[in-house]
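Trainee: The structure follows.
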Amino acid sequence: MRDGALDPYDIGKYGRFEFFLYTTSVGVIIAILSFVASITGLLEKQGRTLAMVVLHAIWTLQLLVSTVLLAKTLATLEKKVEYLSSTVGKKKSNCQLLDDANHDFTCSQLTAGVVFGSFGTILFLVDTIVCSIIIAR
């Protein structure tokens, strides 16, 4: 791939953005269903609780992978490259170009996604560990 060219998975349809959004959306649904199931007592049986722990563990890994891929996209977009323009020798990142173009998409949104994705991964991991300890008792 030439210098300055974006990986097709960094942008566009069914790229890393959509994978991250899918992972976080389903993760929120799993968290809500888990919360409702624990309040209503549906997780009282050992098998159901174990199934929820396994689901949380799998989703922790899924969220970790999607967050790392989004961070890789952000790093790629922040890399400074030289573009052909009237200012020869000046380098700009794709993030700066997107900000200058006043586009709806900005790198600050990606940064927020990476931060909150990391936070969500940690929360899912803690929840998985706590539920595993409860099952072990």
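Ordered as shown in the structure tokens, chains take letters A, B, and onward, while each chain numbers its residues from 1 and ligands are numbered from 1 in the order shown.
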Might you pull out every residue within 9 Å of Trp59 of chain A, with only C-alpha atoms counted and same-chain residues fewer than 4 positions away left off, and present them as a VMD selection string?
Mentor: chain A and resid 23 26 to 27 30 54 to 55 63 to 64 121 124
Trainee: Could you tell me, as a list in words, which residues of chain A DSSP assigns to strand (DSSP E) when given the backbone?
Mentor: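 Restricting chain A to strand (DSSP E) produces Lys80, Val81, Glu82, Lys91, Lys92 and Ser93 of chain A.
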Trainee: Just give me the gap between atom CA of Thr24 of chain A and atom CA of Val130 of chain A in Å, one decimal is fine.
Mentor: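 It comes out at 20.7 Å.
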Trainee: Find the residue from A:Ser93, A:Thr76, A:Thr49, A:Thr60 that sits nearest to Val126 of chain A; use only C-alpha atoms when measuring.
Mentor: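 Among the listed residues, the smallest separation from Val126 of chain A belongs to A:Thr60.
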Trainee: Counting only C-alpha atoms, which residue out of A:Leu97, A:Ala71, A:Asp127, A:Ser132 sits closest to Val115 of chain A?
Mentor: A:Ala71
Trainee: How would you write, as a short mmCIF file (atom, residue, chain, number, x, y, z; two decimals) with C-alpha atoms, in the first residue's frame, the set of residues in chain A that DSSP gives as helix (DSSP H, G or I)?
Mentor:
```cif
data_model
loop_
_atom_site.label_atom_id
_atom_site.label_comp_id
_atom_site.auth_asym_id
_atom_site.auth_seq_id
_atom_site.Cartn_x
_atom_site.Cartn_y
_atom_site.Cartn_z
CA PRO A 8 -10.19 0.11 2.79
CA TYR A 9 -11.15 -1.23 6.21
CA ASP A 10 -10.29 2.13 7.82
CA ARG A 16 -13.77 -1.07 11.38
CA PHE A 17 -16.22 1.69 12.33
CA GLU A 18 -19.24 -0.49 11.68
CA PHE A 19 -17.65 -3.46 13.45
CA PHE A 20 -17.04 -1.29 16.52
CA LEU A 21 -20.59 0.10 16.44
CA TYR A 22 -22.03 -3.41 16.08
CA THR A 23 -19.94 -4.69 18.99
CA THR A 24 -20.85 -1.83 21.31
CA SER A 25 -24.54 -1.92 20.37
CA VAL A 26 -24.87 -5.64 21.01
CA GLY A 27 -22.79 -5.25 24.18
CA VAL A 28 -25.27 -2.68 25.52
CA ILE A 29 -28.15 -5.02 24.69
CA ILE A 30 -26.37 -7.90 26.47
CA ALA A 31 -25.76 -5.71 29.53
CA ILE A 32 -29.41 -4.60 29.67
CA LEU A 33 -30.71 -8.17 29.25
CA SER A 34 -28.30 -9.41 31.91
CA PHE A 35 -29.43 -6.70 34.31
CA VAL A 36 -33.12 -7.40 33.69
CA ALA A 37 -32.57 -11.16 34.01
CA SER A 38 -30.76 -10.77 37.33
CA ILE A 39 -33.46 -8.47 38.73
CA THR A 40 -36.31 -10.77 37.69
CA GLN A 46 -26.57 -22.50 37.74
CA GLY A 47 -26.69 -23.17 33.99
CA ARG A 48 -28.21 -19.83 33.13
CA THR A 49 -25.67 -17.89 35.15
CA LEU A 50 -22.84 -19.86 33.59
CA ALA A 51 -24.23 -19.14 30.12
CA MET A 52 -24.33 -15.42 30.91
CA VAL A 53 -20.74 -15.50 32.21
CA VAL A 54 -19.56 -17.23 29.03
CA LEU A 55 -21.44 -14.68 26.93
CA HIS A 56 -19.84 -11.81 28.86
CA ALA A 57 -16.38 -13.36 28.48
CA ILE A 58 -16.84 -13.75 24.72
CA TRP A 59 -18.13 -10.22 24.42
CA THR A 60 -15.21 -8.88 26.43
CA LEU A 61 -12.86 -10.34 23.82
CA GLN A 62 -15.05 -9.05 20.97
CA LEU A 63 -15.07 -5.54 22.43
CA LEU A 64 -11.31 -5.68 23.01
CA VAL A 65 -10.68 -6.66 19.38
CA SER A 66 -13.01 -4.02 17.95
CA THR A 67 -11.50 -1.31 20.17
CA VAL A 68 -7.96 -2.26 19.13
CA LEU A 69 -9.00 -2.17 15.46
CA LEU A 70 -10.56 1.26 15.96
CA ALA A 71 -7.38 2.47 17.67
CA LYS A 72 -5.38 1.21 14.69
CA THR A 73 -7.66 3.18 12.37
CA LEU A 74 -7.18 6.29 14.50
CA ALA A 75 -3.41 5.87 14.45
CA THR A 76 -3.49 5.49 10.66
CA LEU A 77 -5.57 8.63 10.25
CA GLU A 78 -3.30 10.63 12.56
CA ASN A 94 -5.95 12.73 7.38
CA CYS A 95 -7.48 13.87 10.67
CA GLN A 96 -6.38 17.44 9.98
CA LEU A 97 -7.77 17.23 6.45
CA LEU A 98 -11.13 16.00 7.76
CA ASP A 99 -11.22 18.80 10.34
CA ASP A 100 -10.29 21.40 7.72
CA CYS A 107 -10.99 12.03 14.68
CA SER A 108 -12.20 13.27 18.06
CA GLN A 109 -15.17 10.91 17.62
CA LEU A 110 -12.75 8.04 17.02
CA THR A 111 -10.72 9.03 20.07
CA ALA A 112 -13.88 9.00 22.19
CA GLY A 113 -14.77 5.60 20.75
CA VAL A 114 -11.37 4.17 21.67
CA VAL A 115 -11.56 5.61 25.21
CA PHE A 116 -15.08 4.40 25.89
CA GLY A 117 -14.43 1.08 24.15
CA SER A 118 -11.48 0.49 26.47
CA PHE A 119 -13.61 1.47 29.46
CA GLY A 120 -16.40 -0.86 28.31
CA THR A 121 -13.93 -3.71 27.87
CA ILE A 122 -12.70 -3.25 31.42
CA LEU A 123 -16.28 -3.16 32.75
CA PHE A 124 -17.22 -6.34 30.88
CA LEU A 125 -14.06 -8.02 32.19
CA VAL A 126 -14.81 -7.00 35.79
CA ASP A 127 -18.42 -8.18 35.41
CA THR A 128 -17.22 -11.52 34.04
CA ILE A 129 -14.79 -11.98 36.92
CA VAL A 130 -17.39 -11.05 39.55
CA CYS A 131 -19.97 -13.41 38.04
CA SER A 132 -17.37 -16.20 37.86
CA ILE A 133 -16.60 -15.73 41.55
CA ILE A 134 -20.31 -15.86 42.37
CA ILE A 135 -20.69 -19.11 40.42
CA ALA A 136 -17.65 -20.64 42.15
#
```
